[in-house]
Every structure is written in structure tokens, then in C-alpha cells.
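Coordinates from upload.cif are shown below (mmCIF, C-alpha atoms).
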```
data_model
loop_
_atom_site.group_PDB
_atom_site.id
_atom_site.type_symbol
_atom_site.label_atom_id
_atom_site.label_comp_id
_atom_site.auth_asym_id
_atom_site.auth_seq_id
_atom_site.Cartn_x
_atom_site.Cartn_y
_atom_site.Cartn_z
ATOM 1 C CA MET A 1 -19.229 30.624 14.869
ATOM 2 C CA HIS A 2 -17.268 28.968 12.058
ATOM 3 C CA ASN A 3 -14.687 26.500 13.423
ATOM 4 C CA LYS A 4 -13.720 24.781 10.164
ATOM 5 C CA LEU A 5 -10.035 24.625 9.384
ATOM 6 C CA VAL A 6 -8.939 26.979 6.650
ATOM 7 C CA PRO A 7 -5.930 25.298 5.014
ATOM 8 C CA HIS A 8 -2.916 27.279 3.954
ATOM 9 C CA PRO A 9 -3.623 28.512 0.418
ATOM 10 C CA ASP A 10 -0.344 27.073 -0.910
ATOM 11 C CA VAL A 11 -1.246 23.478 0.017
ATOM 12 C CA PRO A 12 -2.601 21.886 -3.187
ATOM 13 C CA PHE A 13 -4.961 19.520 -1.378
ATOM 14 C CA ASP A 14 -7.259 19.158 -4.385
ATOM 15 C CA LEU A 15 -4.622 17.724 -6.746
ATOM 16 C CA PRO A 16 -4.096 13.999 -7.451
ATOM 17 C CA THR A 17 -1.805 12.194 -5.018
ATOM 18 C CA ALA A 18 1.306 12.121 -7.213
ATOM 19 C CA GLU A 19 1.087 15.860 -7.860
ATOM 20 C CA ARG A 20 0.499 16.623 -4.176
ATOM 21 C CA ILE A 21 3.518 14.588 -3.128
ATOM 22 C CA HIS A 22 5.706 16.223 -5.784
ATOM 23 C CA ALA A 23 4.475 19.621 -4.548
ATOM 24 C CA ALA A 24 5.350 18.574 -0.993
ATOM 25 C CA VAL A 25 8.864 17.689 -2.150
ATOM 26 C CA ALA A 26 9.172 21.107 -3.785
ATOM 27 C CA HIS A 27 7.963 22.760 -0.564
ATOM 28 C CA TYR A 28 9.704 20.711 2.155
ATOM 29 C CA GLY A 29 12.463 18.828 0.367
ATOM 30 C CA GLU A 30 12.504 15.119 -0.392
ATOM 31 C CA GLN A 31 14.004 13.921 2.899
ATOM 32 C CA THR A 32 11.420 15.798 4.957
ATOM 33 C CA VAL A 33 8.609 14.326 2.853
ATOM 34 C CA ILE A 34 10.054 10.856 3.381
ATOM 35 C CA ASP A 35 10.406 11.450 7.129
ATOM 36 C CA ASN A 36 6.860 12.793 7.382
ATOM 37 C CA SER A 37 5.502 9.879 5.351
ATOM 38 C CA ILE A 38 7.216 7.441 7.705
ATOM 39 C CA ALA A 39 5.807 9.360 10.671
ATOM 40 C CA LEU A 40 2.262 9.051 9.300
ATOM 41 C CA LEU A 41 2.737 5.362 8.548
ATOM 42 C CA ARG A 42 3.850 4.900 12.153
ATOM 43 C CA GLY A 43 0.740 6.685 13.435
ATOM 44 C CA LYS A 44 2.641 9.829 14.419
ATOM 45 C CA ASN A 45 1.786 13.472 13.836
ATOM 46 C CA ALA A 46 3.496 15.005 10.797
ATOM 47 C CA GLY A 47 1.739 18.366 10.964
ATOM 48 C CA LYS A 48 -1.517 19.658 9.547
ATOM 49 C CA ASP A 49 -0.123 20.975 6.280
ATOM 50 C CA PHE A 50 1.715 17.733 5.511
ATOM 51 C CA LEU A 51 -1.415 15.750 6.295
ATOM 52 C CA LEU A 52 -3.155 17.800 3.589
ATOM 53 C CA TYR A 53 -0.345 17.081 1.127
ATOM 54 C CA ALA A 54 -0.538 13.365 1.891
ATOM 55 C CA GLY A 55 -4.292 12.954 2.228
ATOM 56 C CA GLY A 56 -5.633 15.700 0.024
ATOM 57 C CA LYS A 57 -9.130 17.040 0.537
ATOM 58 C CA HIS A 58 -10.012 13.923 2.547
ATOM 59 C CA ALA A 59 -7.589 15.079 5.238
ATOM 60 C CA LEU A 60 -9.744 18.170 5.794
ATOM 61 C CA GLY A 61 -12.339 16.015 7.522
ATOM 62 C CA ILE A 62 -9.797 14.698 9.981
ATOM 63 C CA LEU A 63 -8.442 18.165 10.624
ATOM 64 C CA ASP A 64 -12.023 19.329 11.208
ATOM 65 C CA GLY A 65 -12.460 16.667 13.894
ATOM 66 C CA ALA A 66 -13.553 13.461 12.154
ATOM 67 C CA PRO A 67 -11.956 10.279 13.559
ATOM 68 C CA ALA A 68 -8.595 9.637 11.927
ATOM 69 C CA LEU A 69 -8.986 5.845 12.052
ATOM 70 C CA TYR A 70 -6.246 4.445 9.800
ATOM 71 C CA TRP A 71 -6.290 7.100 7.060
ATOM 72 C CA PRO A 72 -3.088 8.975 7.963
ATOM 73 C CA GLU A 73 -1.202 5.669 8.147
ATOM 74 C CA LEU A 74 -2.538 4.736 4.716
ATOM 75 C CA TRP A 75 -1.598 8.133 3.295
ATOM 76 C CA GLY A 76 1.912 7.830 4.722
ATOM 77 C CA ALA A 77 2.350 4.435 3.050
ATOM 78 C CA ARG A 78 0.862 5.713 -0.214
ATOM 79 C CA ALA A 79 3.249 8.693 -0.257
ATOM 80 C CA LEU A 80 6.102 6.168 -0.261
ATOM 81 C CA LEU A 81 4.997 5.131 -3.740
ATOM 82 C CA TYR A 82 6.294 8.548 -4.885
ATOM 83 C CA VAL A 83 9.283 9.190 -2.603
ATOM 84 C CA TRP A 84 11.630 6.643 -1.129
ATOM 85 C CA SER A 85 14.511 5.994 1.195
ATOM 86 C CA ASP A 86 15.691 2.626 2.435
ATOM 87 C CA ALA A 87 15.088 4.018 5.932
ATOM 88 C CA ALA A 88 11.348 3.566 5.236
ATOM 89 C CA ALA A 89 11.684 -0.159 4.504
ATOM 90 C CA PRO A 90 11.320 -1.538 8.058
ATOM 91 C CA TYR A 91 8.206 0.576 8.662
ATOM 92 C CA VAL A 92 6.616 -0.578 5.423
ATOM 93 C CA VAL A 93 7.329 -4.200 6.378
ATOM 94 C CA VAL A 94 5.754 -3.644 9.808
ATOM 95 C CA GLY A 95 2.767 -2.118 7.992
ATOM 96 C CA LEU A 96 2.049 -5.540 6.487
ATOM 97 C CA THR A 97 0.641 -6.500 9.882
ATOM 98 C CA ASN A 98 -1.286 -3.284 10.544
ATOM 99 C CA GLN A 99 -4.762 -3.844 11.962
ATOM 100 C CA ALA A 100 -6.273 -1.837 9.082
ATOM 101 C CA TRP A 101 -6.556 -3.852 5.891
ATOM 102 C CA ARG A 102 -6.104 -0.785 3.664
ATOM 103 C CA VAL A 103 -2.713 -0.127 5.250
ATOM 104 C CA ARG A 104 -1.683 -3.788 4.779
ATOM 105 C CA GLU A 105 -2.750 -3.636 1.138
ATOM 106 C CA MET A 106 -0.894 -0.363 0.484
ATOM 107 C CA CYS A 107 2.264 -1.625 2.166
ATOM 108 C CA ALA A 108 2.185 -4.670 -0.137
ATOM 109 C CA ARG A 109 1.966 -2.283 -3.097
ATOM 110 C CA VAL A 110 4.939 -0.277 -1.805
ATOM 111 C CA ILE A 111 6.904 -3.493 -1.304
ATOM 112 C CA LEU A 112 6.156 -4.520 -4.883
ATOM 113 C CA LEU A 113 7.252 -1.149 -6.278
ATOM 114 C CA ARG A 114 10.356 -0.876 -4.100
ATOM 115 C CA GLY A 115 11.422 -4.504 -4.478
ATOM 116 C CA LEU A 116 11.661 -5.249 -0.768
ATOM 117 C CA GLN A 117 12.355 -8.948 -0.333
ATOM 118 C CA VAL A 118 9.839 -10.217 2.203
ATOM 119 C CA ALA A 119 8.407 -13.320 0.529
ATOM 120 C CA PRO A 120 7.737 -15.258 3.777
ATOM 121 C CA LYS A 121 5.579 -12.405 5.077
ATOM 122 C CA LEU A 122 3.747 -12.256 1.751
ATOM 123 C CA VAL A 123 3.009 -15.968 1.931
ATOM 124 C CA ARG A 124 1.301 -15.371 5.288
ATOM 125 C CA MET A 125 -0.670 -12.518 3.755
ATOM 126 C CA THR A 126 -2.123 -14.800 1.082
ATOM 127 C CA THR A 127 -4.454 -16.085 3.803
ATOM 128 C CA ASP A 128 -5.447 -12.645 5.130
ATOM 129 C CA GLU A 129 -9.129 -12.259 6.023
ATOM 130 C CA VAL A 130 -9.536 -9.463 3.434
ATOM 131 C CA PRO A 131 -9.606 -10.437 -0.261
ATOM 132 C CA ARG A 132 -7.890 -7.237 -1.459
ATOM 133 C CA VAL A 133 -4.970 -7.891 0.895
ATOM 134 C CA ARG A 134 -4.692 -11.494 -0.339
ATOM 135 C CA ALA A 135 -4.676 -10.261 -3.949
ATOM 136 C CA ALA A 136 -2.020 -7.617 -3.250
ATOM 137 C CA ALA A 137 0.146 -10.223 -1.520
ATOM 138 C CA LEU A 138 -0.198 -12.568 -4.489
ATOM 139 C CA HIS A 139 0.822 -9.894 -7.002
ATOM 140 C CA THR A 140 3.840 -8.949 -4.910
ATOM 141 C CA LEU A 141 4.802 -12.568 -4.293
ATOM 142 C CA ALA A 142 4.723 -13.211 -8.042
ATOM 143 C CA ALA A 143 7.330 -10.496 -8.540
ATOM 144 C CA GLN A 144 9.753 -11.723 -5.887
ATOM 145 C CA GLY A 145 8.878 -15.285 -5.041
ATOM 146 C CA THR A 146 10.795 -18.414 -5.886
ATOM 147 C CA ALA A 147 9.646 -21.853 -6.989
ATOM 148 C CA GLU A 148 9.011 -22.739 -3.343
ATOM 149 C CA HIS A 149 6.288 -20.051 -3.209
ATOM 150 C CA LEU A 150 4.322 -21.497 -6.102
ATOM 151 C CA GLU A 151 2.375 -23.770 -3.753
ATOM 152 C CA ALA A 152 1.123 -20.815 -1.682
ATOM 153 C CA ILE A 153 0.056 -19.065 -4.871
ATOM 154 C CA THR A 154 -1.723 -22.042 -6.397
ATOM 155 C CA ALA A 155 -3.566 -22.687 -3.115
ATOM 156 C CA ARG A 156 -5.408 -19.395 -3.717
ATOM 157 C CA LEU A 157 -6.730 -20.671 -7.070
ATOM 158 C CA ARG A 158 -9.550 -22.125 -4.958
ATOM 159 C CA ASP A 159 -10.093 -18.959 -2.914
ATOM 160 C CA PRO A 160 -13.728 -18.110 -2.203
ATOM 161 C CA ASP A 161 -13.228 -14.651 -3.744
ATOM 162 C CA LYS A 162 -13.217 -14.398 -7.546
ATOM 163 C CA ASP A 163 -10.741 -11.486 -7.608
ATOM 164 C CA VAL A 164 -8.297 -13.423 -5.431
ATOM 165 C CA ARG A 165 -8.588 -16.449 -7.736
ATOM 166 C CA ARG A 166 -7.849 -14.168 -10.687
ATOM 167 C CA ALA A 167 -4.857 -12.651 -8.862
ATOM 168 C CA ALA A 168 -3.605 -16.160 -8.026
ATOM 169 C CA GLN A 169 -3.823 -17.214 -11.655
ATOM 170 C CA GLN A 170 -1.961 -14.089 -12.780
ATOM 171 C CA ALA A 171 0.626 -14.553 -10.032
ATOM 172 C CA ARG A 172 1.120 -18.224 -10.942
ATOM 173 C CA ASP A 173 1.574 -17.331 -14.610
ATOM 174 C CA GLU A 174 3.958 -14.461 -13.827
ATOM 175 C CA LEU A 175 6.062 -16.527 -11.420
ATOM 176 C CA THR A 176 6.334 -19.528 -13.733
ATOM 177 C CA SER A 177 7.227 -17.257 -16.651
ATOM 178 C CA ARG A 178 9.760 -15.208 -14.683
ATOM 179 C CA LEU A 179 11.459 -18.336 -13.317
ATOM 180 C CA LYS A 180 11.003 -20.272 -16.564
ATOM 181 C CA LEU A 181 9.281 -23.092 -14.694
ATOM 182 C CA PRO A 182 7.366 -25.776 -16.548
ATOM 183 C CA THR A 183 3.714 -24.875 -16.803
ATOM 184 C CA GLU A 184 1.350 -27.462 -15.407
ATOM 185 C CA GLN A 185 -2.346 -27.644 -15.937
ATOM 186 C CA THR A 186 -3.438 -26.198 -12.618
ATOM 187 C CA PRO A 187 -7.151 -25.662 -12.121
ATOM 188 C CA THR A 188 -8.171 -22.004 -12.111
ATOM 189 C CA GLY A 189 -10.812 -22.411 -9.465
ATOM 190 C CA GLU A 190 -13.416 -20.603 -11.575
#
```

Could you render the structure as C-alpha cells?
Amino acid sequence: MHNKLVPHPDVPFDLPTAERIHAAVAHYGEQTVIDNSIALLRGKNAGKDFLLYAGGKHALGILDGAPALYWPELWGARALLYVWSDAAAPYVVVGLTNQAWRVREMCARVILLRGLQVAPKLVRMTTDEVPRVRAAALHTLAAQGTAEHLEAITARLRDPDKDVRRAAQQARDELTSRLKLPTEQTPTGE
């Protein structure tokens, strides 16, 4: 007996994320897509079809019984790169402390794109246990930080991870340029 889910033929689950989310907007309307994205980010059920819009072909595995883990939450956050309402902001900020590092990283990306001002939380994220989260926090902090955040950025120039050191150098350069701060010879850590 075949128990695999057969998705609705109109759900374009094999398209790239941006195209799937735009198709979801055409199908459901923008506000519903935003609401469903928030629901996923919060770990709630947004329906099988929407899960396919948000997660694409990878969502088929979950719908066929694979453990969801953090994937729907990640897909909900990622959808907010393409649709937005200020009502999503508090949930994205809470996502910065999600137990899954991929969700934390994606929420930092959404915060960067949407310009949410949460610099103190980003400073804490620069010491996250996962290098990709530290790097995402640094990039976002560079875009919204002030001179007082330069110390947290330059501290990561000595990070054990090469990609984080690179992100710290880029963040330091972006912040000093954006704020027109004097450039000092700070070691790169490499």
C-alpha cells in the first residue's frame, strides 16, 4: 500500500523559495502568507499546502512522516524575507534565541533585511556557540550598530573560526565607514 502524500498539483513545491512564496501570495493573499509564516516560525501548524509553499520539496519528507525538527520554523522565518508585516517583528526577535542555530541565523538575516533595531541582542549573538550565527549577528550589527558596538565586533577578530573573523573584519569596516569613524589598525586575527 502506498501511503506517500500526494501534494496538490497547484502547489509549486519544486520552485526556488522566492517564486514559491510569490505563488503563495497569489494563491492565499499576502496577509495570509505572513500569518502562516509567523505560525511556522512559532512552531505552529499552518497547513500541509502552506508547508509545501514554504519548505518546497523538502517539506514532503516531513509530510510523509520524517521528524520536523526545526525546519518549519526555519521556513517560516525564511518566508519573511519575501513578505513582511511589522506584526512579525516580535516573533523574529524571539527567533534569535531559538534552540536551533539555523533558525537563529535566519532570524538575524530577516532582522538585517527588515531593519529591526535589536543591537543589544545581536551583541549577545556574537558569542553564540555556532560560527554561522556569530557571523550573521556581526553582519547585522554592522548595519545597525553604533560606535559602542565596535568593541563587540572587534573582539570577534580573534574568533577561532576563520569565517567569523572575516565577518568581523567586514563588519568593522562597514560600521566604521557608515559612521565615519576613524580607522585604527586593528589586527585581523588571521

*Residues returned when the PyMOL selection byres ((chain A and resi 131-138) around 8) runs on this file, as a PyMOL selection string*: chain A and resi 101-102+104-105+108-109+122-123+125-130+139-142+153+161+163-164+167-168+171

*Carefully work through the PyMOL selection byres ((chain A and resi 44) around 12) for this structure and note down the residues it includes, as a PyMOL selection string.*
chain A and resi 35-43+45-48+50-51+68+70-73+76

Residues of region 56-134 of chain A at most 9 Å from region 7-24 of chain A: nearest atom pair and distance in Å, all atoms listed in the file, as a Markdown table:
```
| residue | atom | partner | partner_atom | distance |
| --- | --- | --- | --- | --- |
| A:Gly56 | CA | A:Phe13 | CA | 4.1 |
| A:Lys57 | CA | A:Phe13 | CA | 5.2 |
| A:His58 | CA | A:Phe13 | CA | 8.5 |
| A:Ala59 | CA | A:Phe13 | CA | 8.4 |
| A:Leu60 | CA | A:Pro7 | CA | 8.1 |
| A:Arg78 | CA | A:Thr17 | CA | 8.5 |
| A:Ala79 | CA | A:Ile21 | CA | 6.6 |
| A:Leu81 | CA | A:Ala18 | CA | 8.6 |
| A:Tyr82 | CA | A:Ala18 | CA | 6.6 |
| A:Val83 | CA | A:Ile21 | CA | 7.9 |
```

Requested write-out: C-alpha atoms of the selected residues, as a PDB file, in the coordinates of the input:
```
ATOM      1  CA  GLY A  56      -5.633  15.700   0.024  1.00  0.00           C
ATOM      2  CA  LYS A  57      -9.130  17.040   0.537  1.00  0.00           C
ATOM      3  CA  HIS A  58     -10.012  13.923   2.547  1.00  0.00           C
ATOM      4  CA  ALA A  59      -7.589  15.079   5.238  1.00  0.00           C
ATOM      5  CA  LEU A  60      -9.744  18.170   5.794  1.00  0.00           C
ATOM      6  CA  ARG A  78       0.862   5.713  -0.214  1.00  0.00           C
ATOM      7  CA  ALA A  79       3.249   8.693  -0.257  1.00  0.00           C
ATOM      8  CA  LEU A  81       4.997   5.131  -3.740  1.00  0.00           C
ATOM      9  CA  TYR A  82       6.294   8.548  -4.885  1.00  0.00           C
ATOM     10  CA  VAL A  83       9.283   9.190  -2.603  1.00  0.00           C
TER      11      VAL A  83
END
```

*Care to translate the PyMOL selection byres ((chain A and resi 175) around 9) into actual residues of this file, as a ChimeraX atom specification?*
/A:141-147,149-150,170-174,176-181

*Mind giving me the straight-line distance from CA of Pro67 (chain A) to CA of Leu80 (chain A) in Å, one decimal?*
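According to the coordinates, CA of Pro67 (chain A) and CA of Leu80 (chain A) are separated by 23.1 Å.
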
*For the atom pair CA of Glu30 (chain A) and CA of Asp49 (chain A), what is the interatomic distance in Å to one decimal place?*
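A separation of 15.4 Å between them.
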
Enclosing box along x, y and z for every listed atom of region 52-65 of chain A, padded 3 Å each side, centre and size in Å, one decimal, as JSON:
```
{"center_x": -6.4, "center_y": 16.1, "center_z": 7.0, "size_x": 18.1, "size_y": 12.4, "size_z": 19.9}
```

_Atom-to-atom span, CA of Ile34 (chain A) and CA of Gln99 (chain A), Å_ =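 Distance reported for this atom pair: 22.6 Å.
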